[in-house]
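Have a look at work-v9.cif; it's mmCIF, C-alpha atoms:
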data_my_file
#
loop_
_atom_site.label_atom_id
_atom_site.label_comp_id
_atom_site.auth_asym_id
_atom_site.auth_seq_id
_atom_site.Cartn_x
_atom_site.Cartn_y
_atom_site.Cartn_z
CA MET L 1 119.82 208.15 -7.36
CA SER L 2 118.02 204.84 -6.58
CA LEU L 3 115.05 204.84 -4.19
CA ARG L 4 117.23 203.09 -1.60
CA ASP L 5 119.91 205.79 -1.89
CA GLU L 6 117.28 208.53 -1.73
CA ASN L 7 115.87 206.98 1.43
CA ARG L 8 119.31 206.73 2.98
CA ASN L 9 120.02 210.37 2.27
CA PHE L 10 116.62 211.23 3.76
CA ILE L 11 117.67 209.41 6.97
CA ALA L 12 121.05 211.17 7.00
CA LYS L 13 119.50 214.61 6.53
CA LYS L 14 117.01 213.95 9.32
CA ILE L 15 119.78 212.93 11.74
CA ALA L 16 121.96 215.90 10.74
CA SER L 17 119.13 218.20 11.84
CA TYR L 18 119.57 216.98 15.46
CA PHE L 19 122.96 218.67 15.84
CA LYS L 20 123.80 222.23 16.74
CA ASP L 21 127.07 224.13 16.33
CA GLY L 22 129.69 222.98 18.81
CA ASP L 23 128.42 219.38 18.99
CA VAL L 24 130.76 216.44 18.39
CA VAL L 25 129.58 213.23 16.76
CA ASN L 26 131.11 209.93 15.71
CA LEU L 27 129.68 208.45 12.52
CA GLY L 28 129.77 204.73 11.75
CA VAL L 29 130.25 203.12 8.37
CA GLY L 30 127.34 202.99 5.90
CA VAL L 31 124.23 205.15 6.23
CA PRO L 32 125.66 207.04 9.25
CA MET L 33 128.60 208.30 7.21
CA LEU L 34 126.21 210.13 4.86
CA VAL L 35 125.27 212.38 7.79
CA ALA L 36 128.64 214.16 7.39
CA ASN L 37 127.49 215.67 4.11
CA TYR L 38 124.54 217.45 5.78
CA LEU L 39 126.26 218.84 8.88
CA SER L 40 127.39 222.42 9.42
CA ASP L 41 131.20 222.91 9.57
CA ASP L 42 130.76 223.84 13.23
CA VAL L 43 129.65 220.33 14.15
CA ALA L 44 132.85 218.30 14.62
CA VAL L 45 132.87 214.77 13.25
CA GLN L 46 135.14 212.40 15.13
CA THR L 47 136.42 209.26 13.49
CA GLU L 48 137.95 206.58 15.70
CA ASN L 49 140.98 206.13 13.46
CA GLY L 50 142.14 209.52 14.68
CA ILE L 51 140.50 212.76 13.51
CA LEU L 52 138.45 215.29 15.41
CA GLY L 53 136.90 217.61 12.85
CA TYR L 54 136.38 216.25 9.39
CA GLY L 55 133.91 217.81 7.04
CA ARG L 56 133.15 216.79 3.50
CA ILE L 57 133.80 213.23 2.34
CA ILE L 58 136.04 213.49 -0.73
CA GLY L 59 135.85 209.82 -1.68
CA GLY L 60 138.49 207.40 -2.94
CA ASN L 61 140.97 205.53 -0.77
CA ASP L 62 144.42 206.45 -2.09
CA PRO L 63 146.83 205.54 0.76
CA LYS L 64 148.97 208.57 -0.17
CA GLU L 65 146.23 210.98 0.96
CA PRO L 66 146.89 212.07 4.56
CA TYR L 67 143.35 212.08 6.00
CA PHE L 68 140.80 209.31 5.90
CA ASN L 69 137.89 208.14 8.03
CA ALA L 70 137.03 204.82 9.70
CA ALA L 71 135.83 203.41 6.38
CA GLY L 72 139.23 204.20 4.82
CA ILE L 73 137.71 206.96 2.66
CA THR L 74 139.53 210.23 2.07
CA VAL L 75 138.01 213.19 3.89
CA GLU L 76 138.61 216.93 4.13
CA LEU L 77 139.42 218.48 7.51
CA VAL L 78 137.70 221.58 8.85
CA THR L 79 139.69 224.50 10.31
CA GLY L 80 140.74 223.64 13.85
CA ALA L 81 140.75 219.87 13.31
CA SER L 82 143.25 217.60 15.03
CA CYS L 83 144.82 214.20 14.25
CA PHE L 84 145.92 211.67 16.86
CA GLY L 85 146.59 208.00 17.49
CA MET L 86 144.07 205.30 18.33
CA CYS L 87 144.61 205.40 22.10
CA THR L 88 143.86 209.12 22.28
CA SER L 89 140.89 208.58 20.01
CA PHE L 90 139.31 205.82 22.08
CA GLY L 91 140.30 207.79 25.16
CA MET L 92 137.97 210.62 24.18
CA ILE L 93 135.29 208.00 23.52
CA ARG L 94 135.72 206.11 26.82
CA ARG L 95 136.03 209.33 28.83
CA GLY L 96 132.57 210.41 27.65
CA ARG L 97 133.80 213.45 25.70
CA ILE L 98 131.93 212.30 22.60
CA LYS L 99 128.25 212.58 23.45
CA THR L 100 126.67 211.06 20.35
CA ALA L 101 127.40 208.35 17.82
CA VAL L 102 125.35 207.38 14.79
CA LEU L 103 125.70 203.68 13.95
CA GLY L 104 124.23 201.25 11.46
CA CYS L 105 122.70 197.90 12.38
CA PHE L 106 121.87 194.41 11.20
CA GLU L 107 119.32 194.14 14.03
CA VAL L 108 118.21 196.34 16.92
CA SER L 109 115.89 195.19 19.70
CA GLN L 110 112.98 197.02 21.34
CA TYR L 111 115.12 197.62 24.45
CA GLY L 112 118.14 198.85 22.53
CA ASP L 113 120.27 195.73 22.12
CA LEU L 114 122.38 196.21 19.01
CA ALA L 115 123.79 193.66 16.57
CA ASN L 116 125.93 195.20 13.85
CA TRP L 117 129.16 193.24 13.51
CA ALA L 118 128.56 189.60 12.54
CA ARG L 119 126.02 187.64 10.56
CA PRO L 120 126.02 184.09 9.20
CA GLY L 121 128.78 183.58 6.67
CA SER L 122 130.27 187.03 7.23
CA TYR L 123 132.36 188.03 10.21
CA PRO L 124 133.86 191.41 9.44
CA GLY L 125 134.55 191.96 13.15
CA MET L 126 133.32 194.51 15.65
CA GLY L 127 135.93 197.17 14.85
CA GLY L 128 135.32 200.12 17.17
CA ALA L 129 131.57 199.53 17.54
CA MET L 130 131.71 197.90 20.99
CA ASP L 131 133.98 200.67 22.30
CA LEU L 132 131.61 203.29 20.91
CA VAL L 133 128.43 201.84 22.45
CA SER L 134 130.06 201.34 25.83
CA GLY L 135 131.66 204.80 25.96
CA ILE L 136 129.01 207.00 24.34
CA ASP L 137 125.65 207.68 25.91
CA ASN L 138 123.51 208.80 22.99
CA ILE L 139 123.57 206.05 20.36
CA ILE L 140 121.40 206.81 17.33
CA ILE L 141 120.73 203.94 14.93
CA ALA L 142 120.51 204.95 11.26
CA THR L 143 119.15 202.11 9.19
CA ASP L 144 116.88 200.97 6.39
CA HIS L 145 113.64 199.95 8.09
CA CYS L 146 113.83 196.41 6.64
CA THR L 147 116.49 194.19 5.11
CA LYS L 148 116.87 193.89 1.32
CA ASP L 149 114.51 190.90 1.52
CA GLY L 150 111.89 192.91 3.38
CA ALA L 151 112.43 191.37 6.82
CA PRO L 152 112.18 193.70 9.83
CA LYS L 153 115.46 194.87 11.39
CA ILE L 154 113.74 196.19 14.52
CA LEU L 155 112.96 193.09 16.60
CA GLU L 156 111.74 191.97 20.02
CA GLU L 157 115.11 190.29 20.52
CA CYS L 158 118.27 190.24 18.41
CA THR L 159 119.22 186.88 16.91
CA LEU L 160 122.78 187.82 15.82
CA PRO L 161 125.88 188.27 18.02
CA LEU L 162 125.48 191.47 20.05
CA THR L 163 127.55 194.64 19.90
CA GLY L 164 126.05 195.88 23.15
CA VAL L 165 123.15 195.32 25.54
CA LYS L 166 120.53 198.10 25.90
CA VAL L 167 122.73 200.69 24.22
CA ALA L 168 120.63 202.24 21.42
CA ARG L 169 118.65 205.34 22.41
CA SER L 170 116.80 206.04 19.15
CA ILE L 171 116.26 204.62 15.66
CA VAL L 172 115.83 206.64 12.49
CA THR L 173 114.64 204.84 9.35
CA GLU L 174 113.17 206.04 6.05
CA LEU L 175 109.70 205.46 7.57
CA ALA L 176 109.88 206.43 11.21
CA VAL L 177 111.71 207.76 14.24
CA PHE L 178 111.56 205.73 17.47
CA THR L 179 113.00 206.48 20.88
CA ILE L 180 114.00 203.55 23.08
CA ASN L 181 113.50 203.22 26.80
CA LYS L 182 115.65 200.43 28.28
CA GLU L 183 112.74 199.22 30.44
CA THR L 184 109.57 200.06 28.51
CA GLY L 185 110.77 199.71 24.93
CA LEU L 186 109.95 201.57 21.73
CA LYS L 187 107.94 204.74 21.25
CA LEU L 188 107.04 205.98 17.77
CA ARG L 189 107.80 209.72 17.73
CA GLU L 190 107.66 210.58 14.06
CA ARG L 191 106.42 209.03 10.84
CA ARG L 192 107.19 209.90 7.28
CA ASP L 193 104.59 211.91 5.40
CA GLY L 194 102.23 209.47 3.66
CA VAL L 195 103.29 206.47 5.76
CA SER L 196 100.57 205.07 8.06
CA ILE L 197 101.13 203.77 11.56
CA ALA L 198 99.64 200.47 10.32
CA GLU L 199 102.39 200.19 7.67
CA ILE L 200 105.06 200.89 10.29
CA ARG L 201 103.56 198.19 12.56
CA GLU L 202 103.59 195.73 9.68
CA LYS L 203 107.27 196.38 8.95
CA THR L 204 108.46 196.42 12.57
CA GLY L 205 109.17 193.16 14.38
CA ALA L 206 108.47 194.50 17.88
CA PRO L 207 105.55 196.22 19.62
CA PHE L 208 105.71 199.98 20.12
CA GLU L 209 103.74 202.75 21.79
CA VAL L 210 102.67 205.71 19.70
CA ASP L 211 103.41 209.20 20.98
CA PRO L 212 100.08 211.07 21.17
CA GLN L 213 101.97 214.09 19.81
CA ILE L 214 103.44 212.11 16.89
CA LYS L 215 105.02 214.34 14.26
CA ILE L 216 105.71 214.10 10.56
CA MET L 217 109.43 213.56 9.80
CA MET S 1 177.97 207.77 13.53
CA ILE S 2 174.91 205.86 14.74
CA SER S 3 172.83 204.46 11.95
CA LYS S 4 169.98 201.99 12.00
CA ARG S 5 169.59 201.90 8.23
CA PHE S 6 169.48 198.38 6.81
CA SER S 7 169.04 196.79 3.41
CA LYS S 8 166.00 194.79 2.39
CA ASP S 9 168.01 191.53 2.60
CA GLU S 10 169.15 192.28 6.15
CA ILE S 11 165.53 192.86 7.13
CA ILE S 12 164.26 189.70 5.38
CA ALA S 13 166.74 187.73 7.53
CA GLN S 14 164.89 188.79 10.71
CA PHE S 15 161.77 186.71 10.06
CA HIS S 16 161.47 183.14 11.32
CA ASP S 17 158.78 180.49 11.73
CA GLY S 18 156.48 180.89 14.73
CA GLN S 19 157.05 184.61 15.34
CA THR S 20 154.39 187.04 16.47
CA ILE S 21 154.38 190.09 14.21
CA MET S 22 152.50 193.32 14.84
CA THR S 23 151.67 195.45 11.82
CA GLY S 24 150.66 199.12 11.90
CA GLY S 25 148.05 200.74 9.72
CA PHE S 26 144.33 200.93 9.39
CA ALA S 27 142.07 200.46 6.38
CA TYR S 28 145.18 200.09 4.14
CA HIS S 29 146.47 203.52 5.22
CA GLY S 30 149.72 203.81 7.11
CA SER S 31 150.44 200.18 6.29
CA PRO S 32 154.11 199.07 6.06
CA ASP S 33 153.63 197.38 2.68
CA LEU S 34 157.33 197.07 1.80
CA LEU S 35 158.06 195.35 5.12
CA ILE S 36 155.11 192.99 4.60
CA GLU S 37 156.74 192.06 1.26
CA CYS S 38 159.89 191.24 3.26
CA VAL S 39 157.90 188.81 5.46
CA LEU S 40 156.57 187.09 2.34
CA GLU S 41 160.03 186.85 0.78
CA SER S 42 161.50 185.40 3.99
CA GLY S 43 159.32 182.31 3.66
CA ALA S 44 158.54 182.33 7.40
CA ARG S 45 155.43 180.35 8.37
CA HIS S 46 153.14 179.63 11.34
CA LEU S 47 153.15 183.30 12.25
CA THR S 48 150.75 185.23 14.47
CA ASN S 49 149.66 188.68 13.31
CA ILE S 50 148.41 191.40 15.65
CA ALA S 51 146.88 194.41 13.90
CA LEU S 52 143.89 196.70 14.22
CA ASP S 53 142.50 195.42 10.96
CA VAL S 54 143.64 193.50 7.90
CA SER S 55 145.88 196.16 6.42
CA ALA S 56 148.35 193.29 6.24
CA SER S 57 145.80 191.19 4.36
CA LYS S 58 148.42 190.06 1.87
CA LEU S 59 149.80 187.95 4.70
CA MET S 60 146.40 186.59 5.60
CA LEU S 61 145.77 185.31 2.10
CA THR S 62 149.10 183.55 1.70
CA GLY S 63 148.63 180.95 4.42
CA ARG S 64 151.65 182.22 6.38
CA PHE S 65 149.63 182.88 9.49
CA ASP S 66 148.19 180.45 12.00
CA LYS S 67 146.51 183.16 14.02
CA MET S 68 145.37 186.76 13.74
CA ILE S 69 144.33 189.09 16.55
CA ILE S 70 142.37 191.88 14.86
CA SER S 71 139.29 194.04 15.38
CA HIS S 72 138.03 194.18 11.81
CA ALA S 73 138.49 192.26 8.57
CA GLY S 74 137.52 195.16 6.31
CA GLN S 75 134.99 195.16 3.50
CA VAL S 76 136.93 193.17 0.88
CA LYS S 77 135.18 189.90 0.07
CA GLU S 78 138.30 187.72 -0.20
CA ASN S 79 139.42 188.85 3.27
CA LEU S 80 135.98 188.18 4.75
CA ASP S 81 135.95 184.75 3.12
CA ALA S 82 139.43 184.01 4.53
CA VAL S 83 138.31 184.98 8.04
CA SER S 84 135.23 182.75 7.74
CA SER S 85 137.19 179.87 6.19
CA GLY S 86 138.61 178.48 9.42
CA ASP S 87 142.03 178.10 7.74
CA PHE S 88 143.56 180.08 10.58
CA GLU S 89 142.47 181.15 14.04
CA VAL S 90 140.96 184.63 14.34
CA GLU S 91 140.59 186.41 17.65
CA PHE S 92 138.42 189.50 17.33
CA CYS S 93 138.98 192.21 19.92
CA PRO S 94 137.16 195.57 20.15
CA MET S 95 139.36 198.16 18.45
CA GLY S 96 139.79 200.55 21.37
CA THR S 97 140.58 197.66 23.70
CA LEU S 98 143.05 196.20 21.20
CA ALA S 99 144.83 199.55 20.82
CA GLU S 100 145.06 199.90 24.60
CA ARG S 101 146.33 196.30 25.02
CA ILE S 102 149.11 197.10 22.54
CA ARG S 103 149.85 200.39 24.31
CA ALA S 104 150.00 198.53 27.64
CA GLY S 105 152.50 196.08 26.13
CA GLY S 106 154.54 199.02 24.87
CA VAL S 107 154.76 200.74 28.24
CA GLY S 108 155.51 197.65 30.32
CA VAL S 109 152.08 197.23 31.91
CA GLY S 110 150.62 193.73 32.35
CA GLY S 111 147.01 194.37 31.43
CA ILE S 112 144.10 196.78 31.46
CA LEU S 113 140.60 196.98 32.95
CA VAL S 114 137.83 197.88 30.50
CA LYS S 115 134.05 198.09 30.45
CA THR S 116 133.83 197.50 26.70
CA GLY S 117 132.10 194.32 25.61
CA PHE S 118 129.91 193.33 28.56
CA GLY S 119 127.11 191.03 27.37
CA THR S 120 128.96 190.18 24.15
CA VAL S 121 131.50 187.62 22.91
CA ALA S 122 134.23 190.09 23.91
CA GLU S 123 133.84 189.12 27.57
CA LYS S 124 133.78 185.35 26.94
CA GLY S 125 136.44 183.47 28.88
CA LYS S 126 137.85 186.65 30.43
CA GLU S 127 138.24 187.39 34.08
CA ILE S 128 135.79 189.95 35.51
CA ILE S 129 137.32 192.15 38.20
CA GLU S 130 135.42 194.22 40.73
CA PHE S 131 137.57 197.22 41.56
CA GLN S 132 136.61 200.33 43.53
CA GLY S 133 132.95 199.43 43.23
CA GLU S 134 132.95 198.99 39.43
CA LYS S 135 133.01 195.87 37.29
CA TYR S 136 135.65 195.54 34.59
CA ILE S 137 136.86 192.97 32.08
CA LEU S 138 140.55 192.15 32.56
CA GLU S 139 142.39 192.30 29.23
CA SER S 140 146.00 191.19 28.86
CA ALA S 141 148.72 193.41 27.42
CA LEU S 142 150.05 192.45 23.98
CA THR S 143 153.66 192.34 22.86
CA ALA S 144 155.31 190.81 19.82
CA ASP S 145 158.62 189.53 18.51
CA ILE S 146 158.62 192.03 15.67
CA ALA S 147 156.72 195.27 14.98
CA LEU S 148 156.39 196.54 11.41
CA VAL S 149 155.80 200.28 11.41
CA LYS S 150 155.04 202.86 8.72
CA ALA S 151 156.19 206.38 9.60
CA THR S 152 156.72 209.48 7.49
CA THR S 153 160.26 210.51 8.42
CA ALA S 154 163.05 208.75 10.29
CA ASP S 155 166.45 210.09 11.19
CA TYR S 156 169.42 207.68 11.31
CA TYR S 157 168.83 207.03 15.02
CA GLY S 158 165.18 206.07 14.39
CA ASN S 159 163.38 209.12 15.73
CA LEU S 160 160.06 209.05 13.87
CA THR S 161 157.38 211.47 12.68
CA TYR S 162 153.99 210.54 11.28
CA ASN S 163 151.63 212.23 8.88
CA GLY S 164 147.85 212.76 9.32
CA THR S 165 145.87 209.65 10.14
CA ASN S 166 148.95 207.41 9.75
CA LEU S 167 149.32 208.08 13.46
CA ASN S 168 146.58 205.46 13.90
CA SER S 169 148.32 202.43 15.42
CA ASN S 170 151.91 202.92 14.27
CA PRO S 171 153.33 204.76 17.31
CA ILE S 172 151.88 202.25 19.83
CA ILE S 173 153.03 199.26 17.79
CA ALA S 174 156.51 200.80 17.52
CA GLN S 175 156.90 200.39 21.31
CA ALA S 176 155.38 196.93 21.77
CA ALA S 177 157.83 194.52 20.16
CA ASP S 178 161.28 193.15 20.92
CA LYS S 179 162.43 194.31 17.51
CA THR S 180 160.89 197.29 15.72
CA ILE S 181 161.42 197.63 11.98
CA VAL S 182 160.35 200.81 10.21
CA GLN S 183 159.47 201.83 6.68
CA VAL S 184 159.44 205.57 5.95
CA ASP S 185 158.92 208.02 3.10
CA ARG S 186 162.09 209.94 3.97
CA ILE S 187 165.31 209.21 5.87
CA VAL S 188 167.15 212.27 7.19
CA PRO S 189 170.42 212.85 9.10
CA ILE S 190 170.34 213.12 12.88
CA GLY S 191 169.35 216.63 13.95
CA GLU S 192 166.82 217.29 11.22
CA ILE S 193 163.77 216.19 13.24
CA PRO S 194 163.09 218.82 15.93
CA PRO S 195 163.12 217.20 19.40
CA GLU S 196 159.53 218.20 20.13
CA GLY S 197 158.38 217.08 16.68
CA CYS S 198 159.40 213.47 17.21
CA THR S 199 156.48 211.14 18.06
CA THR S 200 158.39 207.88 18.49
CA PRO S 201 161.80 208.32 20.15
CA GLY S 202 164.49 206.36 18.34
CA ILE S 203 165.23 204.19 21.36
CA PHE S 204 162.22 202.07 20.36
CA VAL S 205 163.45 201.57 16.79
CA ASP S 206 165.90 198.84 15.78
CA MET S 207 165.97 198.84 11.98
CA ILE S 208 164.99 201.28 9.25
CA LEU S 209 164.48 199.94 5.75
CA ASP S 210 166.73 201.93 3.41
CA PRO S 211 165.80 201.04 -0.19
CA GLU S 212 169.12 202.54 -1.36
CA LEU S 213 171.28 200.05 0.55
#
If you took the structure in this file and wrote it as structure tokens, what would it be?
Amino acid sequence: MSLRDENRNFIAKKIASYFKDGDVVNLGVGVPMLVANYLSDDVAVQTENGILGYGRIIGGNDPKEPYFNAAGITVELVTGASCFGMCTSFGMIRRGRIKTAVLGCFEVSQYGDLANWARPGSYPGMGGAMDLVSGIDNIIIATDHCTKDGAPKILEECTLPLTGVKVARSIVTELAVFTINKETGLKLRERRDGVSIAEIREKTGAPFEVDPQIKIM
Amino acid sequence: MISKRFSKDEIIAQFHDGQTIMTGGFAYHGSPDLLIECVLESGARHLTNIALDVSASKLMLTGRFDKMIISHAGQVKENLDAVSSGDFEVEFCPMGTLAERIRAGGVGVGGILVKTGFGTVAEKGKEIIEFQGEKYILESALTADIALVKATTADYYGNLTYNGTNLNSNPIIAQAADKTIVQVDRIVPIGEIPPEGCTTPGIFVDMILDPEL
């Protein structure tokens, strides 16, 4: 596994530890999807294309397989799962029945603005991301701390088209965990073992407070 | 006996220049690929496609479409390039909103009020409505000339069942067009689909592709 993949799995494992049996979570494409592999079967994963309760990601995208997730990848259902159409699916999202979503980002701002659907030269579209951030209260951002070129993804203000305004509640990277207050901004809650606060400051494009009780991830 | 089974040639004859065509499916699953072939073979041009994503990407890459209303262009580079190319108009709509606009069209409702997309491009140019103390974006209902649907089983009348995640957008699209054309894995005589096991009632279905005709 490459260092980047190891880091992404580290992020996924960390986020998976936040959930307890009976919780329901929607996982976005990319790093968030890896979270599914570290969850207990009693945490239900919802995917907006119409499943409540998928477990392991099987992989592949053969259209003949009956169950797949929002990335078009074949998944295995857990006992008690259900399948439904898009309107029911976004209904449970808009009605606030899904409490938490884990999403990726191109950029996230200190006050929780999220940009994860368009960047110059590439407009994949917002998919269900805008519906998710407007219907779900606890939005966790799972992301590499910096871009491939080393530029910070956590910024004072987003520069790319927004998915939502003041919607992210926390950010988990391979270096740190931040919580976000819509008015006061970022607070560093955890850092990775061996990573200094100075290094996190250097790689973060926005100011942040440090929790006096900061923990090791 | 009632039968809505038609041959491929009879279905090809339904497509004309300038039509709006809805296609079911998501991430290449539950996509009516044989019916999309029929559109290509018809030679129809200047079409508009409404779909949750680019499961009908074959159409997008052939220059048949002037406009697409979609929520996502997928991860395939040639599709992303086509969307960025400016060769046709693309209207992106949040997926849940798009599904609900199609559902509204399919149940005879003029539009919907949503909170999705405030502070983003999704609210640009749209009317904001204050209703019962809350602010909403007014989104219009969507209908089409033709809906292309992938279901699992159809009986001769057009009662439909769907399998697993193929439920995605197919049942709502089946209701939202003037003419609904269906591709299925299995065609069965009337009476074989239990009444309570039918997701789309046959009244919404006009033509079933029967490869044996």
- prompt: On this structure, which residues satisfy the PyMOL selection byres ((chain L) within 7 of (chain S)), written as a PyMOL selection string?
  reply: chain L and resi 49-50+63+66-68+71-72+83-87+90+121-128+130-131+134+162-165
task: Please evaluate the PyMOL selection byres ((chain S and resi 8) around 8) against the structure above and give the resulting residues as a list in words.
output: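 With the PyMOL selection byres ((chain S and resi 8) around 8) on this model, the match is Phe6, Ser7, Asp9, Glu10, Ile11, Ile12, Cys38, Leu209, Asp210, Pro211 and Leu213 of chain S.
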Write to file, as a compact mmCIF listing (two decimals), in the coordinates of the input, the residues of the selection just made, with C-alpha atoms.
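So part.txt came out as:
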# COMPACT_ATOMS: atom_id res chain seq x y z
CA PHE S 6 169.48 198.38 6.81
CA SER S 7 169.04 196.79 3.41
CA ASP S 9 168.01 191.53 2.60
CA GLU S 10 169.15 192.28 6.15
CA ILE S 11 165.53 192.86 7.13
CA ILE S 12 164.26 189.70 5.38
CA CYS S 38 159.89 191.24 3.26
CA LEU S 209 164.48 199.94 5.75
CA ASP S 210 166.73 201.93 3.41
CA PRO S 211 165.80 201.04 -0.19
CA LEU S 213 171.28 200.05 0.55
message: Nearest residue to Ile51 of chain L out of L:Asn37, L:Thr79, L:Ser17, L:Ser89, using all atoms listed in the file?
response: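 Selected residue with least distance to Ile51 of chain L: L:Ser89.
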message: As a check of understanding, name the residues that the PyMOL selection byres ((chain L and resi 145-155) around 10) selects in the supplied structure, as a ChimeraX atom specification.
response: /L:4,7,105-115,142-144,156-159,171-176,186,200,202-207
- prompt: Expressed in Å to a single decimal, how great is the separation between atom CA of Glu89 of chain S and atom CA of Ile69 of chain S?
  reply: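 Pair atom CA of Glu89 of chain S / atom CA of Ile69 of chain S returns 8.5 Å.
The coordinates place atom CA of His16 of chain S at 7.7 Å from atom CA of Ser42 of chain S.
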- request: Write out as a ChimeraX atom specification which residues come within 12 Å of Lys179 of chain S when counting only C-alpha atoms, dropping same-chain ones fewer than 6 positions away.
  value: /S:11,14-15,19-22,106,143-149,173,203-208
- prompt: Distance atom CA of Pro32 of chain L-atom CA of Gly135 of chain L, one decimal place?
  reply: 17.9 Å
First collect every listed atom of segment 147-154 of chain S; then fit an axis-aligned box around them, widen it by 3 Å on each side, and give centre and edge lengths in Å to one decimal, as lines of an AutoDock Vina configuration file.
center_x = 159.0
center_y = 202.9
center_z = 11.2
size_x = 14.0
size_y = 21.2
size_z = 13.5
query: Which neighbours of Lys14 of chain L fall inside 9 Å, counting only C-alpha atoms, when residues of the same chain fewer than 4 positions from it are skipped, and could you give them as a list in words?
result: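 The residues that qualify are Asn9, Phe10, Tyr18, Val35, Val172 and Met217 of chain L.
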